[in-house]
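Peer 1: I'd like to ask you about the structure that follows.
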Amino acid sequence: MTFRAKHLLGIEPLHPTEITTLLDLADSYAEHNRRGVAHRDVLAGLTQINMFFENSTRTQASFELAGKRLGADVMNMGMQASSIKKGETLIDTALTLNAMRPDLLVVRHPHSGAVDLLAQKVNCAVLNAGDGKHEHPTQALLDALTIRRAKGRLHRLSIAICGDIAHSRVARSNIMLLGKMENRIRLIAPPTLMPSGVADFGVEVFENMEEGLKDVDVVMMLRLQKERMDGGFIPSEREYFHRYGLDAAKLAHAKSDAIVMHPGPMNRGVEIDGTIADDINRSVIQEQVEMGVAVRMAAMDLLAQNMRAERKAVIV
Ligand code: NCD
């Protein structure tokens with residue numbers, strides 16, 4: 001098996017060999033990007049529409065850049081100015097866009113499950129760029145590629161995911177991906193930010209950063225998702241930083257060569273100390289951004305290959 005999916009809606013349905021296929025291709029795109037080699041033939045003649053119903057900086061920019069590097073015609077829908085504001089439903093907007101015959105639809109939406117629903121209504125490949133608290137598959141894949149390149153492998157690593165896990169689609173997708181690849185996962189968070197049903201995840205759970213970080217290979221910090229909170233989750237940002245913010249003293253409990261990750265955007269001085277985030281010997285935050293373009297190139301390349309094969313089969 002290589003990569004058979006029609007859409008990229010989440011990590012959950014992917015087989016480990018599909019993950020490896022995608023990461024291998026992304027790895028080669030990362031090298032080509034560094035050397036400035038373009039591949040404008042890969043998505044030539046295809047139309048990619050980016051629909052972001054939630055704010056985004058790096059995800060939207062990297063999907064746009066990835067499409068352009070591979071030669072697609074890329075259109076960004078300004079959802080703030082769209083007919084959604086006039087009361088049109090998500091499905092009506094999707095059907096309208098579908099009638100324009102796009103080939104790739106990249107969607108971010110504040111509601112969990114909205115992107116899956118949309119994928120059932122259109123006949124192009126759909127990529128989930130983050131749906132509510134549910135999944136953010138390309139983020140988990142770019143995190144995996146960053147880890148694999150830094151550590152030389154993606155199995156049997158001890159990985160701590162820390163902070164606002166309850167509201168995080170990044171955490172959910174990462175837990176699934178890193179679990180499928182047979183790593184040891186530790187979740188570290190105050191009880192108010194730990195999701196319910198955590199016992200079913202096959203992870204170790206800690207309330208204390210010093211204990212949870214002991215001897216880990218990877219420290220993955222998460223942003224406090226204030227926009228998904230309705231008050232009362234943390235006493236104060238100052239207290240939160242004191243107990244859960246990653247600083248040099250807490251990081252000293254991890255392995256001496258442990259890497260530090262953050263999906264961005266960062267709240268410096270809340271979940272992470274700015275000095276740690278900028279320490280090029282420990283932090284791989286900029287590599288994560290770089291791998292984001294490569295992973296999105298690989299994902300769209302593989303989905304386009306499957307789509308072309310399917311269309312050919314229909315014509316024959
Ligand atoms: C994440 C997201 O939007 O889920 N950011 C991202 O895609 N780079 C995490 C976050 O917003 O905290």
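Labels used: A, B, ... for chains in the order of the structure tokens, numbers from 1 for residues in each chain, and numbers from 1 for ligands as shown.
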Within 9 Å of A:Met307, counting only C-alpha atoms, which residues qualify if same-chain residues fewer than 3 places away don't, as a PyMOL selection string?

Peer 2: chain A and resi 6+103+124-125+302-304+310-312

Peer 1: Residues up to 6 Å from ligand 1, counting only C-alpha atoms and all ligand atoms: could you list those as a PyMOL selection string?

Peer 2: chain A and resi 58-59+130+169-170+223+263-265

Peer 1: Write out the residues from the selection above, keeping N, CA, C and O atoms, as an mmCIF file, in the first residue's frame.

Peer 2:
data_model
loop_
_atom_site.group_PDB
_atom_site.id
_atom_site.type_symbol
_atom_site.label_atom_id
_atom_site.label_comp_id
_atom_site.auth_asym_id
_atom_site.auth_seq_id
_atom_site.Cartn_x
_atom_site.Cartn_y
_atom_site.Cartn_z
ATOM 1 N N ARG A 58 0.216 30.843 9.270
ATOM 2 C CA ARG A 58 1.144 29.919 8.605
ATOM 3 C C ARG A 58 0.447 28.811 7.807
ATOM 4 O O ARG A 58 0.935 28.429 6.752
ATOM 5 N N THR A 59 -0.681 28.325 8.298
ATOM 6 C CA THR A 59 -1.329 27.228 7.564
ATOM 7 C C THR A 59 -1.814 27.717 6.198
ATOM 8 O O THR A 59 -1.550 27.092 5.173
ATOM 9 N N GLY A 130 -7.787 22.136 9.668
ATOM 10 C CA GLY A 130 -8.133 22.353 11.070
ATOM 11 C C GLY A 130 -9.625 22.532 11.234
ATOM 12 O O GLY A 130 -10.184 23.474 10.682
ATOM 13 N N ARG A 169 -6.847 20.702 18.531
ATOM 14 C CA ARG A 169 -6.887 19.733 17.424
ATOM 15 C C ARG A 169 -5.472 19.275 17.071
ATOM 16 O O ARG A 169 -5.271 18.174 16.579
ATOM 17 N N VAL A 170 -4.485 20.135 17.331
ATOM 18 C CA VAL A 170 -3.086 19.759 17.071
ATOM 19 C C VAL A 170 -2.713 18.577 17.972
ATOM 20 O O VAL A 170 -2.107 17.594 17.525
ATOM 21 N N ARG A 223 -0.460 26.239 22.413
ATOM 22 C CA ARG A 223 -0.973 27.571 22.752
ATOM 23 C C ARG A 223 -2.215 27.453 23.646
ATOM 24 O O ARG A 223 -3.022 26.543 23.456
ATOM 25 N N PRO A 263 3.373 24.739 17.645
ATOM 26 C CA PRO A 263 2.758 24.888 16.308
ATOM 27 C C PRO A 263 2.589 26.343 15.880
ATOM 28 O O PRO A 263 2.374 26.614 14.694
ATOM 29 N N GLY A 264 2.681 27.275 16.851
ATOM 30 C CA GLY A 264 2.408 28.677 16.557
ATOM 31 C C GLY A 264 0.921 28.884 16.377
ATOM 32 O O GLY A 264 0.210 27.930 16.071
ATOM 33 N N PRO A 265 0.409 30.077 16.560
ATOM 34 C CA PRO A 265 1.120 31.247 17.081
ATOM 35 C C PRO A 265 1.424 31.099 18.579
ATOM 36 O O PRO A 265 0.659 30.465 19.295
#

Peer 1: Give me the residues near stretch 247-261 of chain A as a PyMOL selection string, where near means some atom within 7 Å (using only C-alpha atoms) and where sequence neighbours in that chain fewer than 3 positions away do not count.

Peer 2: chain A and resi 209-210+213-221+272-273+276+282-285

Peer 1: Keeping only N, CA and C atoms, take the residues you just selected and write them out as a compact mmCIF listing (two decimals), in the first residue's frame.

Peer 2:
# COMPACT_ATOMS: atom_id res chain seq x y z
N MET A 209 4.79 19.45 35.44
CA MET A 209 5.73 19.54 34.31
C MET A 209 7.05 18.83 34.60
N GLU A 210 7.61 19.06 35.80
CA GLU A 210 8.92 18.48 36.13
C GLU A 210 8.89 16.96 36.03
N LEU A 213 8.17 15.81 32.21
CA LEU A 213 9.24 16.06 31.23
C LEU A 213 10.46 15.18 31.44
N LYS A 214 10.47 14.43 32.52
CA LYS A 214 11.67 13.66 32.86
C LYS A 214 12.10 12.73 31.71
N ASP A 215 13.30 12.99 31.20
CA ASP A 215 13.94 12.15 30.17
C ASP A 215 13.20 12.04 28.84
N VAL A 216 12.37 13.01 28.51
CA VAL A 216 11.70 12.92 27.20
C VAL A 216 12.65 13.40 26.08
N ASP A 217 12.36 12.92 24.85
CA ASP A 217 13.15 13.30 23.67
C ASP A 217 12.59 14.54 22.99
N VAL A 218 11.28 14.72 23.14
CA VAL A 218 10.60 15.82 22.43
C VAL A 218 9.65 16.51 23.40
N VAL A 219 9.69 17.86 23.41
CA VAL A 219 8.76 18.64 24.23
C VAL A 219 7.90 19.47 23.28
N MET A 220 6.61 19.13 23.20
CA MET A 220 5.71 19.85 22.30
C MET A 220 4.80 20.75 23.12
N MET A 221 4.96 22.06 22.96
CA MET A 221 4.14 23.01 23.72
C MET A 221 2.93 23.40 22.88
N ILE A 272 5.33 29.54 26.89
CA ILE A 272 6.75 29.31 26.60
C ILE A 272 7.55 30.59 26.84
N ASP A 273 8.75 30.41 27.39
CA ASP A 273 9.66 31.52 27.60
C ASP A 273 10.28 31.88 26.24
N ILE A 276 13.72 30.37 25.25
CA ILE A 276 13.72 28.96 24.85
C ILE A 276 13.22 28.84 23.40
N ARG A 282 17.94 24.26 20.70
CA ARG A 282 16.88 23.43 21.26
C ARG A 282 15.57 23.51 20.48
N SER A 283 15.24 24.72 20.02
CA SER A 283 13.93 24.93 19.40
C SER A 283 13.96 24.59 17.91
N VAL A 284 12.94 23.84 17.46
CA VAL A 284 12.82 23.52 16.03
C VAL A 284 11.57 24.20 15.45
N ILE A 285 11.15 25.28 16.09
CA ILE A 285 9.89 25.95 15.70
C ILE A 285 9.96 26.48 14.26

Peer 1: Might you pull out every residue within 6 Å of stretch 106-123 of chain A, with only C-alpha atoms counted and same-chain residues fewer than 2 positions away left off, and present them as a JSON list (two decimals) with all heavy atoms, in the first residue's frame?

Peer 2:
[["chain", "number", "residue", "atom", "x", "y", "z"],
["A", 50, "ASN", "N", -8.67, 27.80, -1.35],
["A", 50, "ASN", "CA", -8.48, 27.81, 0.10],
["A", 50, "ASN", "C", -9.65, 28.53, 0.75],
["A", 50, "ASN", "O", -9.92, 29.68, 0.44],
["A", 50, "ASN", "CB", -7.19, 28.55, 0.47],
["A", 50, "ASN", "CG", -5.95, 27.85, -0.06],
["A", 50, "ASN", "OD1", -5.96, 26.63, -0.28],
["A", 50, "ASN", "ND2", -4.88, 28.60, -0.28],
["A", 51, "MET", "N", -10.37, 27.81, 1.61],
["A", 51, "MET", "CA", -11.52, 28.42, 2.33],
["A", 51, "MET", "C", -11.22, 28.41, 3.81],
["A", 51, "MET", "O", -11.30, 27.36, 4.45],
["A", 51, "MET", "CB", -12.78, 27.56, 2.12],
["A", 51, "MET", "CG", -13.38, 27.57, 0.75],
["A", 51, "MET", "SD", -14.62, 26.26, 0.66],
["A", 51, "MET", "CE", -16.02, 27.06, 1.36],
["A", 52, "PHE", "N", -10.88, 29.55, 4.36],
["A", 52, "PHE", "CA", -10.54, 29.62, 5.79],
["A", 52, "PHE", "C", -11.62, 30.40, 6.54],
["A", 52, "PHE", "O", -11.70, 31.61, 6.40],
["A", 52, "PHE", "CB", -9.14, 30.23, 5.98],
["A", 52, "PHE", "CG", -8.04, 29.23, 5.75],
["A", 52, "PHE", "CD1", -7.82, 28.69, 4.49],
["A", 52, "PHE", "CD2", -7.25, 28.79, 6.80],
["A", 52, "PHE", "CE1", -6.83, 27.74, 4.28],
["A", 52, "PHE", "CE2", -6.25, 27.83, 6.59],
["A", 52, "PHE", "CZ", -6.04, 27.31, 5.33],
["A", 53, "PHE", "N", -12.43, 29.67, 7.30],
["A", 53, "PHE", "CA", -13.50, 30.30, 8.09],
["A", 53, "PHE", "C", -12.99, 30.70, 9.46],
["A", 53, "PHE", "O", -13.76, 31.11, 10.31],
["A", 53, "PHE", "CB", -14.67, 29.31, 8.27],
["A", 53, "PHE", "CG", -15.35, 28.93, 6.99],
["A", 53, "PHE", "CD1", -14.92, 27.84, 6.26],
["A", 53, "PHE", "CD2", -16.41, 29.67, 6.51],
["A", 53, "PHE", "CE1", -15.55, 27.47, 5.08],
["A", 53, "PHE", "CE2", -17.05, 29.32, 5.34],
["A", 53, "PHE", "CZ", -16.61, 28.22, 4.62],
["A", 54, "GLU", "N", -11.70, 30.48, 9.71],
["A", 54, "GLU", "CA", -11.08, 30.86, 10.99],
["A", 54, "GLU", "C", -9.75, 31.48, 10.65],
["A", 54, "GLU", "O", -9.15, 31.13, 9.62],
["A", 54, "GLU", "CB", -10.80, 29.57, 11.78],
["A", 54, "GLU", "CG", -11.35, 29.52, 13.15],
["A", 54, "GLU", "CD", -10.86, 28.28, 13.91],
["A", 54, "GLU", "OE1", -9.71, 27.82, 13.72],
["A", 54, "GLU", "OE2", -11.64, 27.80, 14.72],
["A", 98, "ASN", "N", -18.21, 24.18, -5.62],
["A", 98, "ASN", "CA", -18.08, 22.91, -6.32],
["A", 98, "ASN", "C", -18.49, 23.06, -7.79],
["A", 98, "ASN", "O", -17.88, 22.45, -8.68],
["A", 98, "ASN", "CB", -18.95, 21.86, -5.63],
["A", 98, "ASN", "CG", -18.62, 20.46, -6.08],
["A", 98, "ASN", "OD1", -17.45, 20.09, -6.12],
["A", 98, "ASN", "ND2", -19.63, 19.69, -6.44],
["A", 126, "VAL", "N", -10.60, 17.04, -0.75],
["A", 126, "VAL", "CA", -10.71, 18.00, 0.35],
["A", 126, "VAL", "C", -9.59, 17.77, 1.36],
["A", 126, "VAL", "O", -9.31, 16.63, 1.75],
["A", 126, "VAL", "CB", -12.09, 17.89, 1.06],
["A", 126, "VAL", "CG1", -12.17, 18.83, 2.25],
["A", 126, "VAL", "CG2", -13.22, 18.18, 0.07],
["A", 127, "LEU", "N", -8.93, 18.86, 1.75],
["A", 127, "LEU", "CA", -7.88, 18.78, 2.78],
["A", 127, "LEU", "C", -8.34, 19.57, 4.00],
["A", 127, "LEU", "O", -8.72, 20.74, 3.88],
["A", 127, "LEU", "CB", -6.56, 19.36, 2.27],
["A", 127, "LEU", "CG", -5.91, 18.54, 1.15],
["A", 127, "LEU", "CD1", -6.16, 19.20, -0.20],
["A", 127, "LEU", "CD2", -4.41, 18.40, 1.39],
["A", 128, "ASN", "N", -8.30, 18.92, 5.15],
["A", 128, "ASN", "CA", -8.69, 19.57, 6.40],
["A", 128, "ASN", "C", -7.53, 20.42, 6.93],
["A", 128, "ASN", "O", -6.48, 19.88, 7.28],
["A", 128, "ASN", "CB", -9.09, 18.48, 7.41],
["A", 128, "ASN", "CG", -9.55, 19.05, 8.74],
["A", 128, "ASN", "OD1", -9.59, 20.27, 8.92],
["A", 128, "ASN", "ND2", -9.90, 18.17, 9.67],
["A", 129, "ALA", "N", -7.74, 21.73, 7.01],
["A", 129, "ALA", "CA", -6.70, 22.62, 7.53],
["A", 129, "ALA", "C", -6.99, 22.98, 8.99],
["A", 129, "ALA", "O", -6.51, 23.99, 9.49],
["A", 129, "ALA", "CB", -6.62, 23.87, 6.66],
["A", 130, "GLY", "N", -7.79, 22.14, 9.67],
["A", 130, "GLY", "CA", -8.13, 22.35, 11.07],
["A", 130, "GLY", "C", -9.62, 22.53, 11.23],
["A", 130, "GLY", "O", -10.18, 23.47, 10.68],
["A", 131, "ASP", "N", -10.30, 21.60, 11.95],
["A", 131, "ASP", "CA", -11.74, 21.75, 12.21],
["A", 131, "ASP", "C", -11.98, 21.71, 13.71],
["A", 131, "ASP", "O", -11.86, 20.68, 14.35],
["A", 131, "ASP", "CB", -12.57, 20.69, 11.45],
["A", 131, "ASP", "CG", -12.31, 19.26, 11.88],
["A", 131, "ASP", "OD1", -11.14, 18.92, 12.16],
["A", 131, "ASP", "OD2", -13.28, 18.47, 11.94],
["A", 132, "GLY", "N", -12.35, 22.87, 14.25],
["A", 132, "GLY", "CA", -12.67, 22.98, 15.69],
["A", 132, "GLY", "C", -11.61, 22.34, 16.56],
["A", 132, "GLY", "O", -10.42, 22.60, 16.40],
["A", 133, "LYS", "N", -12.08, 21.47, 17.48],
["A", 133, "LYS", "CA", -11.14, 20.80, 18.40],
["A", 133, "LYS", "C", -10.83, 19.39, 17.88],
["A", 133, "LYS", "O", -10.28, 18.57, 18.60],
["A", 133, "LYS", "CB", -11.78, 20.68, 19.79],
["A", 133, "LYS", "CG", -12.06, 22.03, 20.43],
["A", 133, "LYS", "CD", -12.49, 21.88, 21.87],
["A", 133, "LYS", "CE", -13.99, 21.72, 22.01],
["A", 133, "LYS", "NZ", -14.46, 21.66, 23.39],
["A", 134, "HIS", "N", -11.22, 19.10, 16.63],
["A", 134, "HIS", "CA", -11.18, 17.73, 16.13],
["A", 134, "HIS", "C", -9.82, 17.32, 15.59],
["A", 134, "HIS", "O", -9.05, 16.62, 16.26],
["A", 134, "HIS", "CB", -12.30, 17.57, 15.09],
["A", 134, "HIS", "CG", -12.39, 16.23, 14.46],
["A", 134, "HIS", "ND1", -12.52, 16.06, 13.10],
["A", 134, "HIS", "CD2", -12.37, 15.00, 14.99],
["A", 134, "HIS", "CE1", -12.58, 14.77, 12.84],
["A", 134, "HIS", "NE2", -12.50, 14.11, 13.96]]

Peer 1: Name all residues at most 7 Å from stretch 63-66 of chain A (count only C-alpha atoms; drop same-chain ones fewer than 3 positions away) and give them as a list of chain:residue names.

Peer 2: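 Listing them by chain and then by number gives A:Thr59, A:Gln60, A:Arg69, A:Leu70, A:Val74, A:Val293, A:Arg296, A:Met297.
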
Peer 1: I need the residues from that last selection saved to file as a tab-separated table (two decimals), in the first residue's frame (with all heavy atoms), if you can.

Peer 2:
chain	number	residue	atom	x	y	z
A	59	THR	N	-0.68	28.33	8.30
A	59	THR	CA	-1.33	27.23	7.56
A	59	THR	C	-1.81	27.72	6.20
A	59	THR	O	-1.55	27.09	5.17
A	59	THR	CB	-2.50	26.63	8.38
A	59	THR	OG1	-2.00	26.26	9.67
A	59	THR	CG2	-3.08	25.42	7.71
A	60	GLN	N	-2.50	28.86	6.18
A	60	GLN	CA	-3.01	29.36	4.90
A	60	GLN	C	-1.86	29.74	3.97
A	60	GLN	O	-1.87	29.38	2.79
A	60	GLN	CB	-3.94	30.56	5.12
A	60	GLN	CG	-4.52	31.04	3.79
A	60	GLN	CD	-5.69	31.99	3.93
A	60	GLN	OE1	-6.15	32.28	5.03
A	60	GLN	NE2	-6.18	32.47	2.81
A	69	ARG	N	4.00	26.45	-5.76
A	69	ARG	CA	5.26	25.79	-6.12
A	69	ARG	C	5.02	24.59	-7.03
A	69	ARG	O	5.88	24.23	-7.82
A	69	ARG	CB	5.99	25.31	-4.86
A	69	ARG	CG	6.59	26.46	-4.13
A	69	ARG	CD	7.89	26.14	-3.45
A	69	ARG	NE	8.33	27.38	-2.83
A	69	ARG	CZ	8.77	27.50	-1.60
A	69	ARG	NH1	8.91	26.43	-0.85
A	69	ARG	NH2	9.12	28.67	-1.13
A	70	LEU	N	3.83	23.97	-6.89
A	70	LEU	CA	3.54	22.79	-7.71
A	70	LEU	C	2.73	23.15	-8.96
A	70	LEU	O	2.27	22.28	-9.68
A	70	LEU	CB	2.80	21.74	-6.88
A	70	LEU	CG	3.60	21.15	-5.71
A	70	LEU	CD1	2.78	20.13	-4.95
A	70	LEU	CD2	4.91	20.52	-6.19
A	74	VAL	N	-4.16	28.92	-7.69
A	74	VAL	CA	-4.61	28.98	-6.30
A	74	VAL	C	-5.51	30.19	-6.08
A	74	VAL	O	-5.15	31.31	-6.47
A	74	VAL	CB	-3.41	29.06	-5.32
A	74	VAL	CG1	-3.90	28.96	-3.88
A	74	VAL	CG2	-2.39	27.97	-5.61
A	293	VAL	N	5.39	23.65	4.53
A	293	VAL	CA	5.24	23.81	3.08
A	293	VAL	C	5.48	22.46	2.40
A	293	VAL	O	4.69	22.03	1.56
A	293	VAL	CB	6.23	24.89	2.54
A	293	VAL	CG1	6.10	25.01	1.03
A	293	VAL	CG2	5.97	26.23	3.22
A	296	ARG	N	2.59	19.95	2.91
A	296	ARG	CA	1.37	20.30	2.15
A	296	ARG	C	1.59	20.06	0.66
A	296	ARG	O	0.66	19.68	-0.05
A	296	ARG	CB	0.97	21.74	2.48
A	296	ARG	CG	0.39	21.75	3.89
A	296	ARG	CD	0.30	23.04	4.61
A	296	ARG	NE	-0.21	22.77	5.96
A	296	ARG	CZ	0.27	23.28	7.07
A	296	ARG	NH1	1.30	24.12	7.06
A	296	ARG	NH2	-0.24	22.94	8.24
A	297	MET	N	2.82	20.24	0.18
A	297	MET	CA	3.13	19.89	-1.22
A	297	MET	C	2.91	18.38	-1.41
A	297	MET	O	2.26	17.95	-2.37
A	297	MET	CB	4.58	20.27	-1.56
A	297	MET	CG	4.82	21.77	-1.68
A	297	MET	SD	6.58	22.19	-1.76
A	297	MET	CE	6.92	21.93	-3.50

Peer 1: Compare A:Val295, A:Met75, A:Leu105, A:Leu97 by their minimum atom-to-atom distance to A:Asn33, counting only C-alpha atoms, and give me the closest one.

Peer 2: A:Val295

Peer 1: What does the structure give for the distance between atom CA of A:Arg172 and atom CA of A:Leu9, in Å to one decimal?

Peer 2: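 A separation of 13.1 Å between them.
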
Peer 1: Using the chain letters and numbers from this document, which residues of stretch 137-283 of chain A does DSSP assign to helix (DSSP H, G or I), as a ChimeraX atom specification?

Peer 2: /A:137-151,169-180,191-193,198-201,209-212,226-228,237-244,248-251,274-278
